[in-house]
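Just my_file.txt here, compact mmCIF, C-alpha atoms:
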```txt
# COMPACT_ATOMS: atom_id res chain seq x y z
CA MET A 1 -8.00 -19.01 9.50
CA LYS A 2 -11.24 -17.65 8.09
CA ASP A 3 -12.60 -17.37 11.62
CA ILE A 4 -10.16 -14.57 12.48
CA LYS A 5 -12.08 -11.84 14.30
CA LEU A 6 -11.71 -9.06 11.74
CA LYS A 7 -14.26 -6.31 12.13
CA HIS A 8 -13.24 -4.10 9.22
CA GLN A 9 -11.34 -6.02 6.52
CA ARG A 10 -14.25 -7.39 4.55
CA GLY A 11 -16.06 -6.49 1.34
CA LYS A 12 -14.66 -5.40 -1.99
CA PRO A 13 -10.92 -4.65 -2.28
CA LEU A 14 -9.94 -1.31 -0.74
CA GLU A 15 -8.88 1.46 -3.10
CA ILE A 16 -6.77 4.25 -1.56
CA SER A 17 -6.56 7.58 -3.36
CA ILE A 18 -3.75 10.05 -2.72
CA LYS A 19 -2.69 13.03 -4.82
CA GLY A 20 -4.33 11.69 -7.95
CA GLN A 21 -2.87 8.19 -7.62
CA LYS A 22 -4.63 5.02 -6.50
CA ILE A 23 -3.38 2.04 -4.53
CA GLY A 24 -5.11 -1.35 -4.46
CA HIS A 25 -8.24 -2.68 -6.21
CA GLY A 26 -6.56 -3.50 -9.52
CA HIS A 27 -3.96 -0.73 -9.47
CA TYR A 28 -0.22 -1.45 -9.53
CA THR A 29 2.00 0.67 -7.28
CA MET A 30 5.78 0.98 -7.47
CA ILE A 31 7.53 2.68 -4.54
CA SER A 32 11.26 3.13 -4.82
CA GLY A 33 14.17 5.18 -3.57
CA PRO A 34 17.12 5.02 -1.17
CA CYS A 35 17.00 3.19 2.14
CA THR A 36 18.29 6.26 3.95
CA ILE A 37 18.22 9.94 3.03
CA GLU A 38 21.82 11.11 2.90
CA ASN A 39 21.42 14.60 1.42
CA TYR A 40 18.99 16.65 -0.65
CA GLU A 41 20.96 16.45 -3.93
CA ASP A 42 21.05 12.66 -4.10
CA LEU A 43 17.42 12.29 -3.05
CA TYR A 44 16.29 14.74 -5.72
CA ALA A 45 18.44 13.04 -8.38
CA VAL A 46 17.01 9.59 -7.61
CA ALA A 47 13.45 10.91 -7.47
CA MET A 48 13.79 12.57 -10.87
CA GLU A 49 15.05 9.35 -12.42
CA LEU A 50 12.13 7.45 -10.90
CA LYS A 51 9.70 10.01 -12.26
CA LYS A 52 11.15 9.56 -15.76
CA MET A 53 10.30 5.86 -15.45
CA GLY A 54 6.69 6.71 -14.65
CA ILE A 55 6.98 6.02 -10.90
CA HIS A 56 4.85 8.30 -8.71
CA PHE A 57 6.00 7.21 -5.23
CA PHE A 58 9.46 7.64 -3.71
CA ARG A 59 10.75 6.38 -0.39
CA GLY A 60 13.52 7.46 1.96
CA GLY A 61 14.35 6.91 5.61
CA ALA A 62 14.78 9.91 7.91
CA TYR A 63 14.61 7.93 11.15
CA LYS A 64 16.21 4.49 11.09
CA MET A 65 15.77 1.64 13.54
CA ARG A 66 19.15 -0.07 13.48
CA THR A 67 20.16 -3.26 15.27
CA SER A 68 23.46 -1.71 16.27
CA PRO A 69 23.46 1.63 18.10
CA TYR A 70 26.71 2.44 16.26
CA ASN A 71 25.15 2.42 12.79
CA PHE A 72 23.79 5.53 11.07
CA GLN A 73 20.42 6.43 12.62
CA GLY A 74 19.20 8.81 9.91
CA LEU A 75 19.11 12.59 9.46
CA GLY A 76 15.92 13.01 11.46
CA LYS A 77 13.93 16.17 10.85
CA LYS A 78 16.43 17.47 8.29
CA GLY A 79 15.75 14.35 6.22
CA LEU A 80 12.02 14.99 6.42
CA GLU A 81 12.58 18.53 5.17
CA TYR A 82 14.48 17.13 2.20
CA MET A 83 11.63 14.70 1.48
CA LYS A 84 8.99 17.40 1.46
CA LYS A 85 11.11 19.65 -0.72
CA VAL A 86 11.68 16.88 -3.26
CA ALA A 87 8.00 15.84 -3.21
CA ASP A 88 6.92 19.43 -3.82
CA GLU A 89 9.44 19.94 -6.63
CA THR A 90 8.69 16.66 -8.42
CA SER A 91 4.96 16.34 -7.64
CA MET A 92 5.66 12.84 -6.37
CA ILE A 93 4.26 11.07 -3.31
CA SER A 94 6.63 10.51 -0.40
CA VAL A 95 6.93 7.48 1.89
CA SER A 96 8.92 7.34 5.12
CA GLU A 97 8.97 5.36 8.36
CA VAL A 98 7.65 6.59 11.67
CA VAL A 99 9.37 4.93 14.62
CA ALA A 100 7.87 6.63 17.68
CA VAL A 101 4.48 7.90 18.83
CA GLU A 102 5.85 11.33 19.66
CA ASP A 103 7.06 11.80 16.08
CA ILE A 104 3.74 11.17 14.32
CA GLU A 105 2.38 14.72 14.23
CA MET A 106 5.68 16.11 12.97
CA ILE A 107 6.29 13.45 10.32
CA ARG A 108 2.77 13.61 8.89
CA GLU A 109 3.34 17.28 8.07
CA TYR A 110 6.31 16.37 5.86
CA VAL A 111 5.46 12.93 4.45
CA ASP A 112 2.44 11.67 2.47
CA ILE A 113 2.46 7.98 3.43
CA LEU A 114 3.70 6.81 6.83
CA GLN A 115 5.40 3.44 7.13
CA VAL A 116 5.46 1.14 10.16
CA GLY A 117 8.58 -1.03 10.14
CA THR A 118 8.77 -4.70 11.04
CA ARG A 119 10.01 -4.04 14.58
CA ASN A 120 7.01 -1.83 15.32
CA MET A 121 4.24 -4.01 13.91
CA SER A 122 3.27 -4.99 17.45
CA ASN A 123 3.71 -1.51 18.92
CA TYR A 124 -0.02 -1.15 19.50
CA ARG A 125 0.21 2.30 21.04
CA LEU A 126 1.93 3.52 17.87
CA LEU A 127 -0.70 1.79 15.71
CA PHE A 128 -3.56 3.30 17.73
CA ASN A 129 -2.17 6.81 17.27
CA LEU A 130 -1.66 6.24 13.54
CA GLY A 131 -5.36 5.51 13.44
CA LYS A 132 -5.92 9.17 14.37
CA VAL A 133 -4.26 10.59 11.25
CA LYS A 134 -5.50 10.72 7.68
CA ASN A 135 -2.28 9.68 5.96
CA PRO A 136 -2.26 6.21 4.40
CA ILE A 137 -0.21 3.75 6.45
CA ILE A 138 2.10 1.03 5.13
CA LEU A 139 2.19 -1.72 7.75
CA LYS A 140 5.11 -4.07 7.36
CA ARG A 141 4.77 -7.63 8.62
CA GLY A 142 6.75 -8.40 11.76
CA PHE A 143 9.60 -10.73 10.84
CA SER A 144 8.39 -13.29 13.39
CA SER A 145 4.66 -12.64 13.02
CA THR A 146 1.91 -14.86 11.66
CA ILE A 147 -0.51 -13.62 9.04
CA GLU A 148 -3.22 -13.51 11.70
CA GLU A 149 -1.09 -11.30 13.98
CA TRP A 150 -0.33 -9.03 11.02
CA LEU A 151 -3.99 -8.62 10.11
CA LEU A 152 -4.93 -7.93 13.71
CA ALA A 153 -2.21 -5.27 13.88
CA ALA A 154 -3.92 -3.61 10.91
CA GLU A 155 -7.19 -3.76 12.84
CA HIS A 156 -5.65 -1.59 15.55
CA ILE A 157 -5.11 1.22 13.02
CA ILE A 158 -8.50 0.79 11.34
CA GLU A 159 -10.47 0.51 14.57
CA ALA A 160 -8.85 3.74 15.78
CA GLY A 161 -10.23 5.58 12.75
CA ASN A 162 -7.85 5.27 9.76
CA PRO A 163 -9.06 2.77 7.13
CA ASN A 164 -6.24 3.47 4.68
CA VAL A 165 -3.86 0.63 5.51
CA ILE A 166 -1.49 -0.97 3.00
CA LEU A 167 0.07 -4.27 4.06
CA CYS A 168 3.69 -4.98 3.15
CA GLU A 169 5.18 -8.47 3.13
CA ARG A 170 8.90 -7.99 3.83
CA GLY A 171 10.07 -11.48 4.66
CA ILE A 172 9.98 -13.56 7.82
CA ARG A 173 12.74 -15.09 9.91
CA THR A 174 13.35 -18.78 9.23
CA PHE A 175 16.29 -21.16 9.68
CA GLU A 176 17.75 -20.09 6.30
CA THR A 177 20.88 -17.93 6.47
CA TYR A 178 21.71 -17.40 2.78
CA THR A 179 19.10 -14.67 2.54
CA ARG A 180 18.49 -11.94 5.09
CA TYR A 181 14.92 -13.21 5.64
CA THR A 182 12.60 -15.52 3.71
CA LEU A 183 10.03 -13.92 1.41
CA ASP A 184 6.63 -15.49 2.10
CA ILE A 185 5.05 -15.46 -1.35
CA SER A 186 2.10 -17.47 -0.01
CA ALA A 187 1.15 -14.48 2.16
CA ILE A 188 -0.02 -12.63 -0.97
CA PRO A 189 -2.91 -14.91 -1.96
CA ALA A 190 -3.62 -15.53 1.73
CA ILE A 191 -4.13 -11.82 2.36
CA LYS A 192 -6.29 -11.58 -0.76
CA ASP A 193 -8.47 -14.34 0.65
CA LEU A 194 -8.68 -13.04 4.21
CA SER A 195 -8.72 -9.26 3.79
CA ASN A 196 -9.68 -6.43 1.47
CA LEU A 197 -6.49 -4.45 2.16
CA PRO A 198 -3.88 -3.84 -0.57
CA ILE A 199 -0.68 -5.87 -0.20
CA ILE A 200 2.70 -4.82 -1.55
CA VAL A 201 6.01 -6.69 -1.31
CA ASP A 202 9.49 -5.58 -0.24
CA PRO A 203 12.02 -7.84 -2.04
CA SER A 204 14.94 -5.77 -0.72
CA HIS A 205 14.65 -6.57 3.00
CA SER A 206 13.37 -10.09 2.44
CA SER A 207 16.45 -11.17 0.49
CA GLY A 208 19.18 -8.74 1.50
CA ARG A 209 20.83 -9.61 -1.81
CA ARG A 210 20.83 -7.29 -4.81
CA GLU A 211 21.06 -10.12 -7.35
CA MET A 212 17.76 -11.60 -6.16
CA ILE A 213 15.58 -8.48 -6.28
CA LYS A 214 14.48 -8.86 -9.90
CA SER A 215 13.35 -12.49 -9.52
CA LEU A 216 11.54 -11.86 -6.25
CA SER A 217 9.82 -8.77 -7.66
CA TRP A 218 8.46 -10.71 -10.61
CA ALA A 219 7.41 -13.58 -8.36
CA ALA A 220 5.47 -11.15 -6.16
CA ILE A 221 3.61 -9.60 -9.09
CA ALA A 222 2.90 -13.03 -10.58
CA ALA A 223 1.39 -14.04 -7.22
CA GLY A 224 -0.98 -11.07 -7.30
CA ALA A 225 0.75 -8.37 -5.23
CA ASP A 226 -0.62 -4.85 -5.62
CA GLY A 227 2.84 -3.34 -5.84
CA LEU A 228 6.49 -3.31 -4.81
CA LEU A 229 8.64 -1.39 -2.35
CA ILE A 230 12.24 -1.48 -3.60
CA GLU A 231 15.43 0.19 -2.39
CA THR A 232 17.07 1.96 -5.32
CA HIS A 233 20.09 4.23 -5.68
CA PHE A 234 22.04 5.49 -8.68
CA SER A 235 25.22 4.18 -7.05
CA PRO A 236 24.19 1.34 -4.70
CA ASP A 237 27.68 0.42 -3.51
CA LYS A 238 28.11 3.93 -2.15
CA ALA A 239 24.81 3.95 -0.26
CA ILE A 240 25.34 4.53 3.45
CA CYS A 241 22.72 1.94 4.47
CA ASP A 242 21.72 -1.50 3.09
CA SER A 243 23.92 -1.18 0.02
CA LYS A 244 23.99 -4.96 -0.60
CA GLN A 245 20.21 -5.06 -1.06
CA THR A 246 19.92 -1.83 -3.05
CA ILE A 247 19.60 -2.01 -6.84
CA ASP A 248 20.59 0.49 -9.49
CA LEU A 249 18.27 2.22 -11.91
CA GLU A 250 18.97 -0.17 -14.78
CA ILE A 251 17.82 -3.19 -12.77
CA LEU A 252 14.72 -1.23 -11.75
CA LYS A 253 13.95 -0.61 -15.43
CA ASP A 254 14.23 -4.35 -16.11
CA ILE A 255 11.82 -5.08 -13.26
CA ILE A 256 9.30 -2.55 -14.56
CA ASN A 257 9.46 -3.96 -18.10
CA GLY A 258 8.93 -7.50 -16.82
CA ASN A 259 6.06 -6.40 -14.61
CA LYS A 260 4.16 -5.05 -17.62
CA LYS A 261 3.84 -8.59 -18.94
CA LEU A 262 2.99 -10.13 -15.58
CA LEU A 263 0.31 -7.55 -14.80
CA LYS A 264 -1.67 -8.74 -17.81
CA LEU A 265 -2.24 -11.99 -15.91
CA TRP A 266 -4.31 -10.01 -13.41
CA ASN A 267 -5.77 -7.40 -15.79
CA ARG A 268 -4.09 -4.62 -13.84
CA ASP A 269 -2.89 -1.18 -14.88
```
Would you mind writing the file's structure down as structure tokens?
Amino acid sequence: MKDIKLKHQRGKPLEISIKGQKIGHGHYTMISGPCTIENYEDLYAVAMELKKMGIHFFRGGAYKMRTSPYNFQGLGKKGLEYMKKVADETSMISVSEVVAVEDIEMIREYVDILQVGTRNMSNYRLLFNLGKVKNPIILKRGFSSTIEEWLLAAEHIIEAGNPNVILCERGIRTFETYTRYTLDISAIPAIKDLSNLPIIVDPSHSSGRREMIKSLSWAAIAAGADGLLIETHFSPDKAICDSKQTIDLEILKDIINGNKKLLKLWNRD
């Protein structure tokens, strides 16, 4: 695979700076928060708890791509307003998904880091337009995509002018049905070998099972991941979206404590 035609992803590991924090090149990044923004009060409460743990990045979905049209689709612009308000009040860095080209300019005014979900990894028109903004982009791997296709999707963003791409391994579809998807741990060292882009891991979507998040998180860090993207809520069973794969704050604390030991393997902060 080393003959992949990558024009940009070579050289020393990329380091992305945003609001005083750094992603990639030896830095460890934890991004956490609810799958879906339900209201301002809950989002603020979760963000404050994350901040107490030393986490600088919080996530929340304002626009949701759901398999069923009857499931909750997100609060839309009102959710973005909540995100910006919480980010301003906590001095944290916000992460949210952009699902359509026409929403980019609006969302980038409210959110610090824009996320491309698995269903949009091959939406090349969306990727091209994200190359025109300055916000860092988290590019999730398509659940049926090869590593090569994933890297080439990143090239679309970079070639269009935005070098600040963070790859996110979120599990791929296999024949296994016990888990929601199958976390491809081997993608972590593969990306490190083929690209200079940071790679983080989403153990929530890859497993779909709360009881597996801790183990998968530690496995990802042990394999060399630059960070984690984890769905967290103070009352997971009451979360309106993806409650079965959302952990509580106590489990998140356990993950963080375990990561401190694993990060020493890679001399990371």
Which residues, written as a VMD selection string, have at least one atom at most 10 Å from Phe143 in chain A, with all atoms listed in the file counted and residues fewer than 6 positions away on the same chain left out? chain A and resid 117 to 119 121 169 to 174 181 to 183 206
Excluding range 190-195 of chain A and residues on its chain fewer than 6 positions from it, collect all residues at most 12 Å away from it, counting only C-alpha atoms, and give them as a ChimeraX atom specification. /A:1-14,24-26,141,146-148,150-152,154-155,165-169,184,201,223-226
Only C-alpha atoms, please: the residues just picked out, written as a tab-separated table (two decimals), keeping the file's coordinate frame.
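So the final result, stored in selection26.tsv, reads:
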```tsv
chain	number	residue	atom	x	y	z
A	1	MET	CA	-8.00	-19.01	9.50
A	2	LYS	CA	-11.24	-17.65	8.09
A	3	ASP	CA	-12.60	-17.37	11.62
A	4	ILE	CA	-10.16	-14.57	12.48
A	5	LYS	CA	-12.08	-11.84	14.30
A	6	LEU	CA	-11.71	-9.06	11.74
A	7	LYS	CA	-14.26	-6.31	12.13
A	8	HIS	CA	-13.24	-4.10	9.22
A	9	GLN	CA	-11.34	-6.02	6.52
A	10	ARG	CA	-14.25	-7.39	4.55
A	11	GLY	CA	-16.06	-6.49	1.34
A	12	LYS	CA	-14.66	-5.40	-1.99
A	13	PRO	CA	-10.92	-4.65	-2.28
A	14	LEU	CA	-9.94	-1.31	-0.74
A	24	GLY	CA	-5.11	-1.35	-4.46
A	25	HIS	CA	-8.24	-2.68	-6.21
A	26	GLY	CA	-6.56	-3.50	-9.52
A	141	ARG	CA	4.77	-7.63	8.62
A	146	THR	CA	1.91	-14.86	11.66
A	147	ILE	CA	-0.51	-13.62	9.04
A	148	GLU	CA	-3.22	-13.51	11.70
A	150	TRP	CA	-0.33	-9.03	11.02
A	151	LEU	CA	-3.99	-8.62	10.11
A	152	LEU	CA	-4.93	-7.93	13.71
A	154	ALA	CA	-3.92	-3.61	10.91
A	155	GLU	CA	-7.19	-3.76	12.84
A	165	VAL	CA	-3.86	0.63	5.51
A	166	ILE	CA	-1.49	-0.97	3.00
A	167	LEU	CA	0.07	-4.27	4.06
A	168	CYS	CA	3.69	-4.98	3.15
A	169	GLU	CA	5.18	-8.47	3.13
A	184	ASP	CA	6.63	-15.49	2.10
A	201	VAL	CA	6.01	-6.69	-1.31
A	223	ALA	CA	1.39	-14.04	-7.22
A	224	GLY	CA	-0.98	-11.07	-7.30
A	225	ALA	CA	0.75	-8.37	-5.23
A	226	ASP	CA	-0.62	-4.85	-5.62
```
As an exercise, work out the distance from CA of Lys244 in chain A to CA of Gly208 in chain A in Å and give it to one decimal place.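 Interatomic distance here is 6.5 Å.
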Spatial neighbours of Ala100 in chain A, 10 Å, only C-alpha atoms, chain gap at least 5 places, as a ChimeraX atom specification: /A:63,116,120,123,125-126
Prev. selection, C-alpha atoms, output as a CSV table (one decimal), in the frame of the given file:
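part-v8.csv, written as the output of this step:
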```csv
chain,number,residue,atom,x,y,z
A,63,TYR,CA,14.6,7.9,11.2
A,116,VAL,CA,5.5,1.1,10.2
A,120,ASN,CA,7.0,-1.8,15.3
A,123,ASN,CA,3.7,-1.5,18.9
A,125,ARG,CA,0.2,2.3,21.0
A,126,LEU,CA,1.9,3.5,17.9
```
List every protein, DNA or RNA residue with an atom no more than 7 Å from (9.4, -0.2, -3.0) in the file's coordinates, counting only C-alpha atoms, and format the result as a PDB file with C-alpha atoms, keeping the file's coordinate frame.
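Generated output (selection_10.pdb):
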```pdb
ATOM      1  CA  MET A  30       5.780   0.980  -7.470  1.00  0.00           C
ATOM      2  CA  ILE A  31       7.530   2.680  -4.540  1.00  0.00           C
ATOM      3  CA  SER A  32      11.260   3.130  -4.820  1.00  0.00           C
ATOM      4  CA  ASP A 202       9.490  -5.580  -0.240  1.00  0.00           C
ATOM      5  CA  LEU A 228       6.490  -3.310  -4.810  1.00  0.00           C
ATOM      6  CA  LEU A 229       8.640  -1.390  -2.350  1.00  0.00           C
ATOM      7  CA  ILE A 230      12.240  -1.480  -3.600  1.00  0.00           C
ATOM      8  CA  GLU A 231      15.430   0.190  -2.390  1.00  0.00           C
TER       9      GLU A 231
END
```
Kindly provide, as a VMD selection string, the polymer residues lying within 12 Å of (12.8, 8.0, -13.0), counting all atoms listed in the file and using the coordinates exactly as they appear in the file. chain A and resid 30 to 33 43 to 58 90 92 232 to 234 248 to 250 252 to 253 256
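Straight-line separation from CA of Asp42 in chain A to CA of Gln245 in chain A: 18.0 Å.
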As a check of understanding: the span from CA of Glu15 in chain A to CA of Ser144 in chain A is 28.1 Å
For Val86 in chain A, which residue among A:Ile221, A:Val111, A:Leu262, A:Ile185 is the nearest when counting only C-alpha atoms? A:Val111
Quick one: residues within 8 Å of Ser94 in chain A, all atoms listed in the file, excluding same-chain residues fewer than 6 positions away - as a list of chain:residue names? A:Phe57, A:Phe58, A:Arg59, A:Gly60, A:Met83, A:Lys84, A:Ala87, A:Val111, A:Asp112, A:Ile113
Since the input is missing atoms for range 47-66 of chain A, could you rebuild it with N, CA and C atoms and give the result as a PDB file, keeping the file's coordinate frame?
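Generated file (rebuild-v6.pdb):
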```pdb
ATOM      1  N   ALA A  47      14.877  10.691  -7.250  1.00  0.00           N
ATOM      2  CA  ALA A  47      13.450  10.910  -7.470  1.00  0.00           C
ATOM      3  C   ALA A  47      13.162  11.309  -8.918  1.00  0.00           C
ATOM      4  N   MET A  48      13.993  12.147  -9.484  1.00  0.00           N
ATOM      5  CA  MET A  48      13.790  12.570 -10.870  1.00  0.00           C
ATOM      6  C   MET A  48      13.937  11.404 -11.840  1.00  0.00           C
ATOM      7  N   GLU A  49      14.885  10.524 -11.568  1.00  0.00           N
ATOM      8  CA  GLU A  49      15.050   9.350 -12.420  1.00  0.00           C
ATOM      9  C   GLU A  49      13.841   8.425 -12.315  1.00  0.00           C
ATOM     10  N   LEU A  50      13.319   8.283 -11.093  1.00  0.00           N
ATOM     11  CA  LEU A  50      12.130   7.450 -10.900  1.00  0.00           C
ATOM     12  C   LEU A  50      10.942   8.040 -11.648  1.00  0.00           C
ATOM     13  N   LYS A  51      10.814   9.344 -11.585  1.00  0.00           N
ATOM     14  CA  LYS A  51       9.700  10.010 -12.260  1.00  0.00           C
ATOM     15  C   LYS A  51       9.772   9.787 -13.771  1.00  0.00           C
ATOM     16  N   LYS A  52      10.976   9.798 -14.324  1.00  0.00           N
ATOM     17  CA  LYS A  52      11.150   9.560 -15.760  1.00  0.00           C
ATOM     18  C   LYS A  52      10.670   8.162 -16.154  1.00  0.00           C
ATOM     19  N   MET A  53      10.750   7.229 -15.196  1.00  0.00           N
ATOM     20  CA  MET A  53      10.300   5.860 -15.450  1.00  0.00           C
ATOM     21  C   MET A  53       8.787   5.704 -15.278  1.00  0.00           C
ATOM     22  N   GLY A  54       8.125   6.773 -14.865  1.00  0.00           N
ATOM     23  CA  GLY A  54       6.690   6.710 -14.650  1.00  0.00           C
ATOM     24  C   GLY A  54       6.294   6.325 -13.233  1.00  0.00           C
ATOM     25  N   ILE A  55       7.254   6.347 -12.304  1.00  0.00           N
ATOM     26  CA  ILE A  55       6.980   6.020 -10.900  1.00  0.00           C
ATOM     27  C   ILE A  55       6.501   7.277 -10.178  1.00  0.00           C
ATOM     28  N   HIS A  56       5.451   7.142  -9.382  1.00  0.00           N
ATOM     29  CA  HIS A  56       4.850   8.300  -8.710  1.00  0.00           C
ATOM     30  C   HIS A  56       5.171   8.360  -7.210  1.00  0.00           C
ATOM     31  N   PHE A  57       5.749   7.281  -6.666  1.00  0.00           N
ATOM     32  CA  PHE A  57       6.000   7.210  -5.230  1.00  0.00           C
ATOM     33  C   PHE A  57       7.501   7.038  -4.972  1.00  0.00           C
ATOM     34  N   PHE A  58       8.061   7.834  -4.078  1.00  0.00           N
ATOM     35  CA  PHE A  58       9.460   7.640  -3.710  1.00  0.00           C
ATOM     36  C   PHE A  58       9.599   7.499  -2.204  1.00  0.00           C
ATOM     37  N   ARG A  59      10.540   6.674  -1.797  1.00  0.00           N
ATOM     38  CA  ARG A  59      10.750   6.380  -0.390  1.00  0.00           C
ATOM     39  C   ARG A  59      12.130   6.895   0.062  1.00  0.00           C
ATOM     40  N   GLY A  60      12.246   7.064   1.374  1.00  0.00           N
ATOM     41  CA  GLY A  60      13.520   7.460   1.960  1.00  0.00           C
ATOM     42  C   GLY A  60      13.393   7.473   3.468  1.00  0.00           C
ATOM     43  N   GLY A  61      14.405   6.978   4.158  1.00  0.00           N
ATOM     44  CA  GLY A  61      14.350   6.910   5.610  1.00  0.00           C
ATOM     45  C   GLY A  61      14.994   8.119   6.267  1.00  0.00           C
ATOM     46  N   ALA A  62      14.243   8.793   7.135  1.00  0.00           N
ATOM     47  CA  ALA A  62      14.780   9.910   7.910  1.00  0.00           C
ATOM     48  C   ALA A  62      15.145   9.460   9.319  1.00  0.00           C
ATOM     49  N   TYR A  63      14.341   8.540   9.847  1.00  0.00           N
ATOM     50  CA  TYR A  63      14.610   7.930  11.150  1.00  0.00           C
ATOM     51  C   TYR A  63      14.787   6.436  10.917  1.00  0.00           C
ATOM     52  N   LYS A  64      15.901   5.888  11.343  1.00  0.00           N
ATOM     53  CA  LYS A  64      16.210   4.490  11.090  1.00  0.00           C
ATOM     54  C   LYS A  64      16.321   3.703  12.384  1.00  0.00           C
ATOM     55  N   MET A  65      15.627   2.561  12.415  1.00  0.00           N
ATOM     56  CA  MET A  65      15.770   1.640  13.540  1.00  0.00           C
ATOM     57  C   MET A  65      16.861   0.641  13.190  1.00  0.00           C
ATOM     58  N   ARG A  66      18.015   0.771  13.803  1.00  0.00           N
ATOM     59  CA  ARG A  66      19.150  -0.070  13.480  1.00  0.00           C
ATOM     60  C   ARG A  66      19.461  -1.036  14.617  1.00  0.00           C
TER      61      ARG A  66
END
```
